[in-house]
Every structure is written in C-alpha cells, then in structure tokens.
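Peer 1: Here you go, work-v7.cif (mmCIF, C-alpha atoms and all ligand atoms):
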```cif
data_coords
loop_
_atom_site.label_atom_id
_atom_site.label_comp_id
_atom_site.auth_asym_id
_atom_site.auth_seq_id
_atom_site.Cartn_x
_atom_site.Cartn_y
_atom_site.Cartn_z
CA MET Q 78 -22.43 23.47 14.69
CA ILE Q 79 -23.99 26.85 14.15
CA ILE Q 80 -22.02 29.35 12.10
CA PRO Q 81 -23.75 32.63 12.91
CA PHE Q 82 -22.88 34.88 10.00
CA ILE Q 83 -21.23 34.08 6.69
CA ARG Q 84 -19.53 37.07 5.11
CA LYS Q 85 -16.99 35.56 2.76
CA THR Q 86 -17.29 34.05 -0.69
CA CYS Q 87 -17.81 30.34 0.00
CA LYS Q 88 -20.16 27.37 -0.26
CA ILE Q 89 -22.88 28.02 2.31
CA ASN Q 90 -24.75 24.72 2.15
CA GLU Q 91 -24.82 21.51 0.12
CA ASN Q 92 -26.32 23.29 -2.89
CA THR Q 93 -25.43 26.97 -2.61
CA TRP Q 94 -22.47 29.31 -3.05
CA MET Q 95 -22.28 32.91 -1.94
CA PHE Q 96 -20.16 35.22 -4.10
CA ASP Q 97 -19.05 38.66 -2.90
CA CYS Q 98 -19.04 40.40 -6.28
CA LEU Q 99 -17.16 43.48 -4.95
CA ILE Q 100 -19.76 45.85 -6.33
CA TYR Q 101 -18.36 49.32 -7.09
CA ASN Q 102 -15.07 47.88 -5.79
CA MET Q 103 -16.40 47.59 -2.25
CA LYS Q 104 -16.33 44.35 -0.33
CA GLU Q 105 -19.21 42.93 1.70
CA GLN Q 106 -21.82 45.11 -0.05
CA MET Q 107 -23.41 42.78 -2.59
CA ALA Q 108 -23.71 39.01 -2.50
CA LEU Q 109 -24.84 36.87 -5.44
CA PHE Q 110 -26.01 33.31 -4.89
CA VAL Q 111 -25.51 30.28 -7.11
CA LEU Q 112 -27.43 27.02 -6.67
CA GLU Q 113 -26.75 23.58 -8.08
CA ASN Q 114 -28.70 20.37 -7.53
CA ASN Q 115 -28.22 17.19 -9.57
CA GLY Q 116 -26.91 19.19 -12.52
CA LYS Q 117 -29.63 21.86 -12.45
CA THR Q 118 -28.43 25.38 -11.71
CA ALA Q 119 -29.75 28.80 -10.79
CA LEU Q 120 -28.39 32.25 -10.06
CA ILE Q 121 -30.16 34.66 -7.70
CA ASP Q 122 -29.55 38.19 -9.05
CA THR Q 123 -26.59 39.28 -11.15
CA GLY Q 124 -24.89 42.42 -9.81
CA THR Q 125 -24.34 45.24 -12.31
CA SER Q 126 -22.86 44.58 -15.75
CA SER Q 127 -19.44 45.60 -14.37
CA GLU Q 128 -19.37 42.53 -12.12
CA ALA Q 129 -20.29 40.06 -14.88
CA ASP Q 130 -16.69 39.10 -15.72
CA SER Q 131 -15.76 38.27 -12.15
CA LEU Q 132 -19.02 36.35 -11.72
CA LEU Q 133 -18.34 34.33 -14.88
CA ASN Q 134 -14.84 33.55 -13.58
CA TYR Q 135 -16.30 32.51 -10.27
CA LEU Q 136 -18.83 30.19 -11.92
CA GLN Q 137 -15.98 28.57 -13.80
CA ASN Q 138 -13.95 28.18 -10.60
CA ILE Q 139 -16.77 26.34 -8.84
CA GLY Q 140 -17.41 24.13 -11.85
CA ILE Q 141 -20.71 25.64 -13.02
CA ASP Q 142 -20.66 25.48 -16.82
CA HIS Q 143 -24.28 26.43 -17.51
CA LEU Q 144 -27.19 28.24 -15.89
CA ASP Q 145 -30.74 26.94 -16.15
CA TYR Q 146 -32.34 29.89 -14.37
CA ILE Q 147 -31.42 33.48 -13.66
CA PHE Q 148 -33.72 34.96 -11.02
CA SER Q 149 -34.39 38.69 -10.80
CA THR Q 150 -35.68 39.50 -7.34
CA HIS Q 151 -36.50 43.02 -8.59
CA GLY Q 152 -35.59 45.52 -11.27
CA HIS Q 153 -32.77 47.50 -9.63
CA VAL Q 154 -29.50 47.73 -11.50
CA ASP Q 155 -27.42 45.97 -8.82
CA HIS Q 156 -29.76 42.96 -9.16
CA ILE Q 157 -30.38 42.87 -12.92
CA GLY Q 158 -27.52 44.83 -14.53
CA GLY Q 159 -25.72 41.61 -15.46
CA VAL Q 160 -28.73 39.87 -17.07
CA LYS Q 161 -27.70 40.90 -20.58
CA ARG Q 162 -24.14 39.55 -20.32
CA LEU Q 163 -25.19 36.36 -18.53
CA SER Q 164 -28.09 35.58 -20.85
CA LEU Q 165 -25.73 35.91 -23.83
CA ARG Q 166 -23.15 33.68 -22.19
CA PHE Q 167 -25.79 31.10 -21.20
CA PRO Q 168 -28.28 31.11 -24.09
CA ASP Q 169 -30.41 28.33 -22.59
CA ALA Q 170 -30.94 30.09 -19.28
CA LYS Q 171 -34.49 31.14 -18.43
CA ILE Q 172 -35.02 34.47 -16.73
CA VAL Q 173 -37.38 34.28 -13.74
CA VAL Q 174 -39.19 37.51 -12.87
CA SER Q 175 -42.38 38.61 -11.16
CA LYS Q 176 -45.71 38.41 -12.98
CA PHE Q 177 -46.04 42.08 -12.09
CA TYR Q 178 -44.06 42.85 -15.26
CA GLN Q 179 -46.82 41.40 -17.45
CA ASN Q 180 -49.32 44.02 -16.35
CA LEU Q 181 -47.42 47.11 -15.34
CA PRO Q 182 -49.80 49.73 -13.95
CA GLU Q 183 -50.75 52.67 -16.17
CA LYS Q 184 -49.13 55.17 -13.85
CA GLU Q 185 -45.85 53.26 -14.10
CA LEU Q 186 -46.03 53.10 -17.89
CA ALA Q 187 -46.71 56.84 -18.02
CA LYS Q 188 -43.44 57.72 -16.25
CA LYS Q 189 -40.68 59.22 -18.37
CA LYS Q 190 -38.00 57.08 -16.81
CA SER Q 191 -38.87 53.93 -14.97
CA ASP Q 192 -36.64 51.02 -13.91
CA LEU Q 193 -39.57 48.64 -14.17
CA VAL Q 194 -40.67 49.71 -17.65
CA GLU Q 195 -37.09 49.64 -18.92
CA TYR Q 196 -36.48 46.12 -17.60
CA HIS Q 197 -39.84 44.93 -18.88
CA GLU Q 198 -39.09 46.29 -22.35
CA TYR Q 199 -35.64 44.75 -22.34
CA LEU Q 200 -37.07 41.33 -21.44
CA VAL Q 201 -39.82 41.48 -24.03
CA LYS Q 202 -37.52 42.72 -26.80
CA ASN Q 203 -34.51 40.55 -26.19
CA LEU Q 204 -35.48 37.51 -24.16
CA LYS Q 205 -39.08 37.03 -25.15
CA ASN Q 206 -39.33 33.24 -25.03
CA ARG Q 207 -36.88 32.88 -22.23
CA VAL Q 208 -38.79 34.72 -19.51
CA ILE Q 209 -40.75 32.85 -16.85
CA TYR Q 210 -43.25 35.06 -15.02
CA VAL Q 211 -43.93 33.91 -11.47
CA GLY Q 212 -46.28 34.73 -8.61
CA GLU Q 213 -46.92 33.74 -4.99
CA GLY Q 214 -46.42 30.03 -4.35
CA ASP Q 215 -45.02 29.18 -7.78
CA ILE Q 216 -42.22 26.61 -7.80
CA ILE Q 217 -39.13 26.42 -9.96
CA SER Q 218 -37.48 23.01 -9.62
CA LEU Q 219 -33.82 22.17 -9.69
CA ASP Q 220 -34.57 18.45 -9.78
CA ASP Q 221 -35.71 17.68 -6.20
CA LEU Q 222 -34.70 21.10 -4.91
CA LYS Q 223 -37.79 23.29 -5.05
CA LEU Q 224 -37.53 27.05 -5.21
CA GLU Q 225 -40.72 28.66 -3.98
CA ILE Q 226 -41.71 32.21 -4.87
CA TYR Q 227 -42.97 34.77 -2.36
CA THR Q 228 -44.31 38.10 -3.57
CA THR Q 229 -42.62 40.69 -1.37
CA PRO Q 230 -43.62 44.26 -2.31
CA GLY Q 231 -42.45 47.31 -0.39
CA HIS Q 232 -38.91 48.04 -1.55
CA THR Q 233 -40.35 47.81 -5.07
CA PRO Q 234 -43.86 46.70 -6.05
CA GLU Q 235 -42.77 43.71 -8.13
CA HIS Q 236 -40.23 42.34 -5.67
CA ILE Q 237 -40.05 38.56 -5.19
CA ALA Q 238 -38.20 36.48 -2.61
CA VAL Q 239 -37.13 32.90 -3.24
CA LEU Q 240 -37.21 30.06 -0.72
CA ASP Q 241 -35.04 26.98 -1.24
CA ARG Q 242 -37.30 24.42 0.40
CA LYS Q 243 -34.66 21.71 0.50
CA ASN Q 244 -32.22 23.73 2.59
CA MET Q 245 -34.87 26.08 4.03
CA ASN Q 246 -32.71 28.97 2.91
CA LEU Q 247 -34.44 32.24 2.02
CA PHE Q 248 -33.23 34.76 -0.56
CA PRO Q 249 -35.11 37.96 0.34
CA GLY Q 250 -33.34 40.23 -2.17
CA ASP Q 251 -33.78 43.77 -0.84
CA SER Q 252 -37.24 43.14 0.59
CA ILE Q 253 -36.17 43.20 4.27
CA GLY Q 254 -33.42 45.83 3.95
CA GLY Q 255 -29.65 45.84 3.97
CA HIS Q 256 -28.00 44.17 6.94
CA HIS Q 257 -24.27 43.92 7.00
CA LEU Q 258 -24.23 40.87 9.17
CA GLY Q 259 -21.80 40.73 12.02
CA SER Q 260 -20.88 44.39 11.71
CA GLY Q 261 -24.02 45.53 13.51
CA PHE Q 262 -24.89 47.73 10.58
CA SER Q 263 -28.34 47.87 8.98
CA ARG Q 264 -30.47 50.09 6.77
CA PRO Q 265 -34.05 49.91 5.55
CA ALA Q 266 -34.28 49.58 1.75
CA ALA Q 267 -36.50 52.67 1.56
CA TYR Q 268 -35.58 54.14 -1.80
CA PRO Q 269 -37.71 56.26 -4.10
CA PRO Q 270 -39.68 56.11 -6.27
CA TYR Q 271 -41.09 52.68 -5.42
CA PHE Q 272 -40.78 52.39 -1.65
CA ASN Q 273 -44.08 51.76 0.10
CA HIS Q 274 -43.72 51.68 3.88
CA LYS Q 275 -46.93 49.76 4.55
CA SER Q 276 -46.24 46.88 2.19
CA TYR Q 277 -42.58 46.84 3.28
CA SER Q 278 -43.63 46.23 6.90
CA LYS Q 279 -46.10 43.54 5.83
CA THR Q 280 -43.44 41.82 3.77
CA VAL Q 281 -40.94 41.71 6.64
CA LYS Q 282 -43.62 40.20 8.86
CA LYS Q 283 -44.72 37.68 6.25
CA LEU Q 284 -41.20 36.41 5.62
CA SER Q 285 -40.43 36.25 9.35
CA GLN Q 286 -43.33 33.84 9.74
CA ILE Q 287 -41.98 31.19 7.38
CA GLU Q 288 -41.61 28.13 9.56
CA ASN Q 289 -38.38 26.20 10.04
CA LEU Q 290 -36.19 28.69 8.20
CA LYS Q 291 -32.58 27.61 8.61
CA SER Q 292 -30.87 30.54 6.94
CA VAL Q 293 -31.44 33.91 5.27
CA SER Q 294 -29.14 34.82 2.39
CA LEU Q 295 -29.01 38.58 2.03
CA ALA Q 296 -27.92 40.36 -1.12
CA HIS Q 297 -26.71 43.20 1.13
CA PHE Q 298 -24.98 41.31 2.80
CA GLY Q 299 -24.23 37.84 4.06
CA VAL Q 300 -25.92 34.73 5.37
CA ALA Q 301 -27.56 34.44 8.78
CA THR Q 302 -28.04 30.95 10.16
CA GLY Q 303 -29.65 29.35 13.20
CA PRO Q 304 -30.84 31.76 15.90
CA GLN Q 305 -29.56 34.73 13.87
CA VAL Q 306 -32.38 34.19 11.37
CA GLN Q 307 -35.05 35.65 13.62
CA GLU Q 308 -32.61 38.31 14.79
CA VAL Q 309 -32.31 39.55 11.21
CA PHE Q 310 -36.08 40.05 10.97
CA LYS Q 311 -36.12 41.79 14.34
CA ILE Q 312 -33.27 44.11 13.27
CA SER Q 313 -35.12 44.75 10.05
CA GLU Q 314 -38.21 45.95 11.91
CA ASP Q 315 -36.15 47.99 14.39
CA VAL Q 316 -34.02 49.87 11.83
CA PHE Q 317 -37.06 50.51 9.69
CA LYS Q 318 -38.67 52.28 12.64
CA ALA Q 319 -35.49 54.07 13.76
CA TYR Q 320 -34.79 55.50 10.29
CA LYS Q 321 -38.41 56.44 9.82
CA ASP Q 322 -38.53 58.28 13.14
CA THR Q 323 -35.26 60.09 12.43
CA VAL Q 324 -36.43 61.23 8.99
CA VAL Q 325 -39.74 62.48 10.40
CA GLU Q 326 -38.09 64.28 13.34
CA SER Q 327 -35.35 65.92 11.31
CA TYR Q 328 -37.79 66.80 8.54
CA GLN Q 329 -39.74 68.87 11.05
CA LYS Q 330 -36.69 70.20 12.82
CA TYR Q 331 -34.85 71.34 9.67
CA ASN Q 332 -37.87 72.41 7.72
CA GLY Q 333 -37.45 69.74 5.10
CA ASP Q 334 -33.82 70.56 4.30
CA LEU Q 335 -32.50 67.39 2.71
CA ASN Q 336 -28.80 67.85 3.54
CA SER Q 337 -29.65 68.33 7.22
CA ILE Q 338 -31.82 65.21 7.21
CA ILE Q 339 -29.01 63.21 5.62
CA THR Q 340 -26.51 64.56 8.16
CA ALA Q 341 -28.89 63.59 10.98
CA LEU Q 342 -29.06 60.02 9.60
CA LEU Q 343 -25.30 59.89 9.18
CA ASP Q 344 -24.72 61.18 12.74
CA LYS Q 345 -27.13 58.72 14.23
CA PHE Q 346 -26.46 55.55 12.24
CA GLY Q 347 -23.04 56.02 10.63
CA ARG Q 348 -22.04 54.08 7.58
CA SER Q 349 -21.23 50.45 6.99
CA PRO Q 350 -17.57 49.59 7.69
CA ASN Q 351 -16.55 49.04 4.09
CA GLU Q 352 -18.14 52.09 2.55
CA ILE Q 353 -15.69 54.59 1.17
CA LYS Q 354 -15.41 57.58 3.49
CA ASP Q 355 -16.49 60.52 1.42
CA ASN Q 356 -18.64 63.29 2.82
CA ARG Q 357 -19.14 65.32 -0.33
CA PRO Q 358 -22.78 65.96 -1.15
CA ASP Q 359 -22.45 64.03 -4.43
CA SER Q 360 -20.85 60.99 -2.75
CA LEU Q 361 -22.41 57.55 -2.67
CA ILE Q 362 -23.28 57.83 1.02
CA PHE Q 363 -25.19 61.06 0.39
CA ARG Q 364 -27.03 59.47 -2.50
CA ILE Q 365 -27.91 56.42 -0.40
CA LEU Q 366 -29.08 58.39 2.63
CA GLY Q 367 -30.73 61.02 0.43
CA GLY Q 368 -32.57 58.18 -1.28
CA ILE Q 369 -33.77 56.74 2.02
CA SER Q 370 -34.82 60.22 3.22
CA ILE Q 371 -36.83 60.94 0.09
CA GLY Q 372 -38.22 57.39 0.20
CA PHE Q 373 -39.72 58.02 3.64
CA ILE Q 374 -40.71 61.64 2.88
CA ASN Q 375 -42.71 60.50 -0.15
CA ALA Q 376 -44.14 57.32 1.36
CA LEU Q 377 -45.30 59.12 4.51
CA ASP Q 378 -46.35 62.20 2.54
CA LEU Q 379 -44.47 64.44 4.97
CA LYS Q 380 -44.64 67.35 2.56
CA SER Q 381 -48.37 67.80 2.97
CA LYS Q 382 -48.38 66.62 6.56
CA PHE Q 383 -45.98 69.31 7.74
CA LYS Q 384 -46.68 71.82 4.97
CA VAL Q 385 -42.99 72.21 4.27
CA ASP Q 386 -41.42 72.66 0.87
CA LEU Q 387 -38.63 70.20 0.31
CA LYS Q 388 -35.51 72.09 -0.72
ZN ZN E 1 -33.09 47.25 -4.72
#
```
If you took the structure in this file and wrote it as structure tokens, what would it be?
Ligand SMILES: [Zn+2]

Peer 2:
Amino acid sequence: MIIPFIRKTCKINENTWMFDCLIYNMKEQMALFVLENNGKTALIDTGTSSEADSLLNYLQNIGIDHLDYIFSTHGHVDHIGGVKRLSLRFPDAKIVVSKFYQNLPEKELAKKKSDLVEYHEYLVKNLKNRVIYVGEGDIISLDDLKLEIYTTPGHTPEHIAVLDRKNMNLFPGDSIGGHHLGSGFSRPAAYPPYFNHKSYSKTVKKLSQIENLKSVSLAHFGVATGPQVQEVFKISEDVFKAYKDTVVESYQKYNGDLNSIITALLDKFGRSPNEIKDNRPDSLIFRILGGISIGFINALDLKSKFKVDLK
C-alpha cells in the first residue's frame, strides 16, 4: 500500500519516527527524524532549543534512551538550536556535521556575524572530541543500517543530506526547499546570506537522480512516499523558478522596493495553511518572504543588473 504523504508524528518505516516539534507553536512546519536499528540510534536535526523538552519527552515515549549520533544537516537555528541541550542530555552522542566546518572560507570568517562561524566555534569549544566531520559518500552505520552523506550546497554552502540506504529514505534537510506535503504549498529555501541559486539547482537535480528512492523525509514538512517522491523534486524545481521569476519581475516593476516584492510573493503564492495570519511588516511571514526576496536579489545580483537601489 502506498501512503502518499505523512504529516503526523508517527513511525514512518521500520527504523524511523517523524516528530512534529511544533516549532514556534505552529504545527506541520518542522519535522525531526529519529532512527533506531539494532540498538543504534540517530537524530536528524534538533529544532531550536525551545523544542528540546518536547523532543526529549518524545524520545522517552518511543523508548529511545540514548542517542549515538546527532546529525546537523546545516547550521540554521531550527536545525541545530537544540544541539546544546541534547548533547548534554546524551553525553555519548557524536555530532555529525559537514567537513566544510573544518576549513571555513576566509570571507566567512571575516564576517561580523555568521551562523557558520558561530556553530563551528561552538562545536570546537564545547564538543571537540565528539564531532564527526563528513563529506560526500561517507557512511555512518547504525549496525547494518547505513547512512550515506551527500554534500548538498545551495541553501547553505555546508549543507549535507543523509540517505538511509536500508529503507532508501532521504533526509534532504532544507536543500530542496520547504514543501508542506499534501497542502499544495511550497517555497524555495532561498535565504540570505548563503543562498546560491546555481548550486541549489544542481543539488535538487543531484538528489532527484538517486535511484530507487522510496521516500523523502522533509524537515519542512512531511514524508513523501512512492510516486510522490519524484513529484517533490519536480515541485521543488517549479517553485524555485516561479519564485525567482516573481522576484525578478517585481524587482523591476517596483524599483527594488522590498515591501512591494514581498506583497507580490504573498499575492501570488499565499502562505502555508498553518502559518499565523499576520500581515504586519515585522511578522514572520514578512521576514520569511523578505528573506527569500533578498536571497534571490543577492544571488542573481539584481542590484547591478537593473541599477536599482534596494530600499
Ligand atoms: Zn535552513
């Protein structure tokens, strides 16, 4: 039997649980994934520190009393914010992150405030001997369940995706965007300052070519199985293009005015069903769509292309 989309906290296959961590008190926005195989365990991303208590309760409920590995797909707060709490609670857990952190580029290190530098420094200072740095093709084993690493830059440069080869279930993190499965709602994960549109497109293509994928487990949000797997990659490509085109068009039309670009995105694509309805300029939706707008404006260098000053 094919279950097209899984959107509720539940066991999704023999070895994996999906947990809706109710990030920022919203449902169906952020899923965390727990794996267990013959007593070996792993967690894919953590949510923010605010969700750590409910995650710890959930682990207890499903009978997970230790974690061997905590994977960080990338250094954004909704994926790594809970690492501190979880690594204290599970002192034997190893933290699995991209090799990219070992050699952060000079221009990254020179930034005043950088998610990647901050996470790198935290790992080195606090978890020194507990960090495993991984690259393309590396395998982390939960007994006979092999977790294979894919480097998936674009959303961020150090992003990794994880493939459970036993269940052929892929954890793409944010590398192919946010797709609220079953609601018909999708967004490209095109946020500044790290978004690179060229590598993002390459990553989506690369992951779509993994053979015999049975499911894709999205952080934002849900699990696609069977024929829906390829649909997710197709949607990912389509929304990437649709958002890009809308940002470029409205950038020209409104002379780079950010609020007008955001309003154009909101008019055209709406918001996901569970997002709080709040149209104030400082609301979450404005920050999200403003982020995507600036992500595309920077990546495509629209400022110099259209000789418009961004207001
Ligand atoms: Zn992210």

Peer 1: Go through Q:Glu113, Q:Asp334, Q:Glu352, Q:Asp378 one by one, measure the shortest atom-to-atom distance of each to Leu99 (chain Q) using all atoms listed in the file, and give the residue with the smallest value.

Peer 2: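 Selected residue with least distance to Leu99 (chain Q): Q:Glu352.
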
Peer 1: By how many Å are CA of Pro270 (chain Q) and CA of Asn375 (chain Q) apart?

Peer 2: 8.1 Å

Peer 1: Measure the distance from CA of Ser349 (chain Q) to CA of Gly261 (chain Q) in Å and round it to one decimal.

Peer 2: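 Interatomic distance here is 8.6 Å.
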
Peer 1: Hey, can you check how far CA of Asn273 (chain Q) sits from CA of Val211 (chain Q)?

Peer 2: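 Going from CA of Asn273 (chain Q) over to CA of Val211 (chain Q) covers 21.3 Å.
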
Peer 1: Which polymer residues have any atom within 7 Å of an atom of region 307-324 of chain Q, counting all atoms listed in the file, with same-chain residues fewer than 6 positions away left out, as a PyMOL selection string?

Peer 2: chain Q and resi 253-254+263-265+281+285+338+342+370+373

Peer 1: Counting only C-alpha atoms, what is within 6 Å of region 168-184 of chain Q, bar same-chain residues fewer than 3 positions away, as a PDB file with C-alpha atoms, in the coordinates of the input?

Peer 2:
```
ATOM      1  CA  LEU Q 144     -27.190  28.240 -15.890  1.00  0.00           C
ATOM      2  CA  ASP Q 145     -30.740  26.940 -16.150  1.00  0.00           C
ATOM      3  CA  TYR Q 146     -32.340  29.890 -14.370  1.00  0.00           C
ATOM      4  CA  ILE Q 147     -31.420  33.480 -13.660  1.00  0.00           C
ATOM      5  CA  PHE Q 148     -33.720  34.960 -11.020  1.00  0.00           C
ATOM      6  CA  SER Q 149     -34.390  38.690 -10.800  1.00  0.00           C
ATOM      7  CA  SER Q 164     -28.090  35.580 -20.850  1.00  0.00           C
ATOM      8  CA  LEU Q 165     -25.730  35.910 -23.830  1.00  0.00           C
ATOM      9  CA  ALA Q 187     -46.710  56.840 -18.020  1.00  0.00           C
ATOM     10  CA  HIS Q 197     -39.840  44.930 -18.880  1.00  0.00           C
ATOM     11  CA  ARG Q 207     -36.880  32.880 -22.230  1.00  0.00           C
ATOM     12  CA  VAL Q 208     -38.790  34.720 -19.510  1.00  0.00           C
ATOM     13  CA  ILE Q 209     -40.750  32.850 -16.850  1.00  0.00           C
ATOM     14  CA  TYR Q 210     -43.250  35.060 -15.020  1.00  0.00           C
ATOM     15  CA  VAL Q 211     -43.930  33.910 -11.470  1.00  0.00           C
ATOM     16  CA  GLY Q 212     -46.280  34.730  -8.610  1.00  0.00           C
ATOM     17  CA  GLU Q 235     -42.770  43.710  -8.130  1.00  0.00           C
TER      18      GLU Q 235
END
```

Peer 1: Please determine the residues with any atom at most 9 Å from (-24.5, 42.2, 10.8) (coordinates as given in the file, with all atoms listed in the file counting) and report them as an MDAnalysis selection string.

Peer 2: chainID Q and resid 82 256:263 298:299 301 309

Peer 1: Let's have the selection written as a PDB file, in the frame of the given file, with C-alpha atoms.

Peer 2:
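Saved the output as again21.pdb:
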```pdb
ATOM      1  CA  PHE Q  82     -22.880  34.880  10.000  1.00  0.00           C
ATOM      2  CA  HIS Q 256     -28.000  44.170   6.940  1.00  0.00           C
ATOM      3  CA  HIS Q 257     -24.270  43.920   7.000  1.00  0.00           C
ATOM      4  CA  LEU Q 258     -24.230  40.870   9.170  1.00  0.00           C
ATOM      5  CA  GLY Q 259     -21.800  40.730  12.020  1.00  0.00           C
ATOM      6  CA  SER Q 260     -20.880  44.390  11.710  1.00  0.00           C
ATOM      7  CA  GLY Q 261     -24.020  45.530  13.510  1.00  0.00           C
ATOM      8  CA  PHE Q 262     -24.890  47.730  10.580  1.00  0.00           C
ATOM      9  CA  SER Q 263     -28.340  47.870   8.980  1.00  0.00           C
ATOM     10  CA  PHE Q 298     -24.980  41.310   2.800  1.00  0.00           C
ATOM     11  CA  GLY Q 299     -24.230  37.840   4.060  1.00  0.00           C
ATOM     12  CA  ALA Q 301     -27.560  34.440   8.780  1.00  0.00           C
ATOM     13  CA  VAL Q 309     -32.310  39.550  11.210  1.00  0.00           C
TER      14      VAL Q 309
END
```

Peer 1: Enumerate as a PyMOL selection string the residues within 10 Å of ligand ZN 1 (chain E), counting all atoms listed in the file.

Peer 2: chain Q and resi 150-157+232-233+236+250-252+254-255+266-268+271-272+296-297

Peer 1: Can you take region 266-322 of chain Q from the block and write C-alpha atoms as a PDB file, in the first residue's frame?

Peer 2:
```pdb
ATOM      1  CA  ALA Q 266      14.788  27.754   0.658  1.00  0.00           C
ATOM      2  CA  ALA Q 267      16.395  30.867  -0.815  1.00  0.00           C
ATOM      3  CA  TYR Q 268      17.515  32.761   2.267  1.00  0.00           C
ATOM      4  CA  PRO Q 269      20.387  35.195   2.621  1.00  0.00           C
ATOM      5  CA  PRO Q 270      23.263  35.361   3.185  1.00  0.00           C
ATOM      6  CA  TYR Q 271      24.199  31.874   1.999  1.00  0.00           C
ATOM      7  CA  PHE Q 272      21.748  31.084  -0.792  1.00  0.00           C
ATOM      8  CA  ASN Q 273      23.425  30.270  -4.094  1.00  0.00           C
ATOM      9  CA  HIS Q 274      20.909  29.679  -6.875  1.00  0.00           C
ATOM     10  CA  LYS Q 275      23.259  27.735  -9.134  1.00  0.00           C
ATOM     11  CA  SER Q 276      24.366  25.187  -6.565  1.00  0.00           C
ATOM     12  CA  TYR Q 277      20.789  24.954  -5.246  1.00  0.00           C
ATOM     13  CA  SER Q 278      19.542  23.876  -8.694  1.00  0.00           C
ATOM     14  CA  LYS Q 279      22.400  21.395  -9.056  1.00  0.00           C
ATOM     15  CA  THR Q 280      21.639  19.918  -5.654  1.00  0.00           C
ATOM     16  CA  VAL Q 281      17.944  19.400  -6.437  1.00  0.00           C
ATOM     17  CA  LYS Q 282      18.920  17.645  -9.655  1.00  0.00           C
ATOM     18  CA  LYS Q 283      21.570  15.508  -7.988  1.00  0.00           C
ATOM     19  CA  LEU Q 284      19.237  14.281  -5.254  1.00  0.00           C
ATOM     20  CA  SER Q 285      16.428  13.625  -7.752  1.00  0.00           C
ATOM     21  CA  GLN Q 286      18.745  11.224  -9.561  1.00  0.00           C
ATOM     22  CA  ILE Q 287      19.293   8.891  -6.613  1.00  0.00           C
ATOM     23  CA  GLU Q 288      17.988   5.559  -7.833  1.00  0.00           C
ATOM     24  CA  ASN Q 289      15.291   3.543  -6.097  1.00  0.00           C
ATOM     25  CA  LEU Q 290      14.390   6.219  -3.564  1.00  0.00           C
ATOM     26  CA  LYS Q 291      11.357   5.044  -1.625  1.00  0.00           C
ATOM     27  CA  SER Q 292      10.708   8.145   0.432  1.00  0.00           C
ATOM     28  CA  VAL Q 293      11.838  11.712   1.093  1.00  0.00           C
ATOM     29  CA  SER Q 294      11.617  12.969   4.674  1.00  0.00           C
ATOM     30  CA  LEU Q 295      11.392  16.741   4.668  1.00  0.00           C
ATOM     31  CA  ALA Q 296      12.216  18.909   7.650  1.00  0.00           C
ATOM     32  CA  HIS Q 297       9.653  21.407   6.303  1.00  0.00           C
ATOM     33  CA  PHE Q 298       7.453  19.292   6.195  1.00  0.00           C
ATOM     34  CA  GLY Q 299       6.425  15.676   5.979  1.00  0.00           C
ATOM     35  CA  VAL Q 300       7.278  12.442   4.230  1.00  0.00           C
ATOM     36  CA  ALA Q 301       6.617  11.719   0.567  1.00  0.00           C
ATOM     37  CA  THR Q 302       6.497   8.085  -0.483  1.00  0.00           C
ATOM     38  CA  GLY Q 303       6.136   6.125  -3.702  1.00  0.00           C
ATOM     39  CA  PRO Q 304       5.281   8.172  -6.800  1.00  0.00           C
ATOM     40  CA  GLN Q 305       5.185  11.365  -4.711  1.00  0.00           C
ATOM     41  CA  VAL Q 306       8.969  11.202  -4.349  1.00  0.00           C
ATOM     42  CA  GLN Q 307       9.648  12.389  -7.885  1.00  0.00           C
ATOM     43  CA  GLU Q 308       6.761  14.827  -7.618  1.00  0.00           C
ATOM     44  CA  VAL Q 309       8.524  16.532  -4.710  1.00  0.00           C
ATOM     45  CA  PHE Q 310      11.646  17.112  -6.812  1.00  0.00           C
ATOM     46  CA  LYS Q 311       9.529  18.393  -9.696  1.00  0.00           C
ATOM     47  CA  ILE Q 312       7.662  20.788  -7.370  1.00  0.00           C
ATOM     48  CA  SER Q 313      10.991  21.879  -5.969  1.00  0.00           C
ATOM     49  CA  GLU Q 314      12.261  22.861  -9.416  1.00  0.00           C
ATOM     50  CA  ASP Q 315       8.969  24.532 -10.358  1.00  0.00           C
ATOM     51  CA  VAL Q 316       8.600  26.698  -7.229  1.00  0.00           C
ATOM     52  CA  PHE Q 317      12.243  27.664  -7.412  1.00  0.00           C
ATOM     53  CA  LYS Q 318      11.633  29.050 -10.890  1.00  0.00           C
ATOM     54  CA  ALA Q 319       8.257  30.623 -10.065  1.00  0.00           C
ATOM     55  CA  TYR Q 320       9.620  32.495  -7.022  1.00  0.00           C
ATOM     56  CA  LYS Q 321      12.719  33.538  -8.899  1.00  0.00           C
ATOM     57  CA  ASP Q 322      10.681  34.928 -11.801  1.00  0.00           C
TER      58      ASP Q 322
END
```
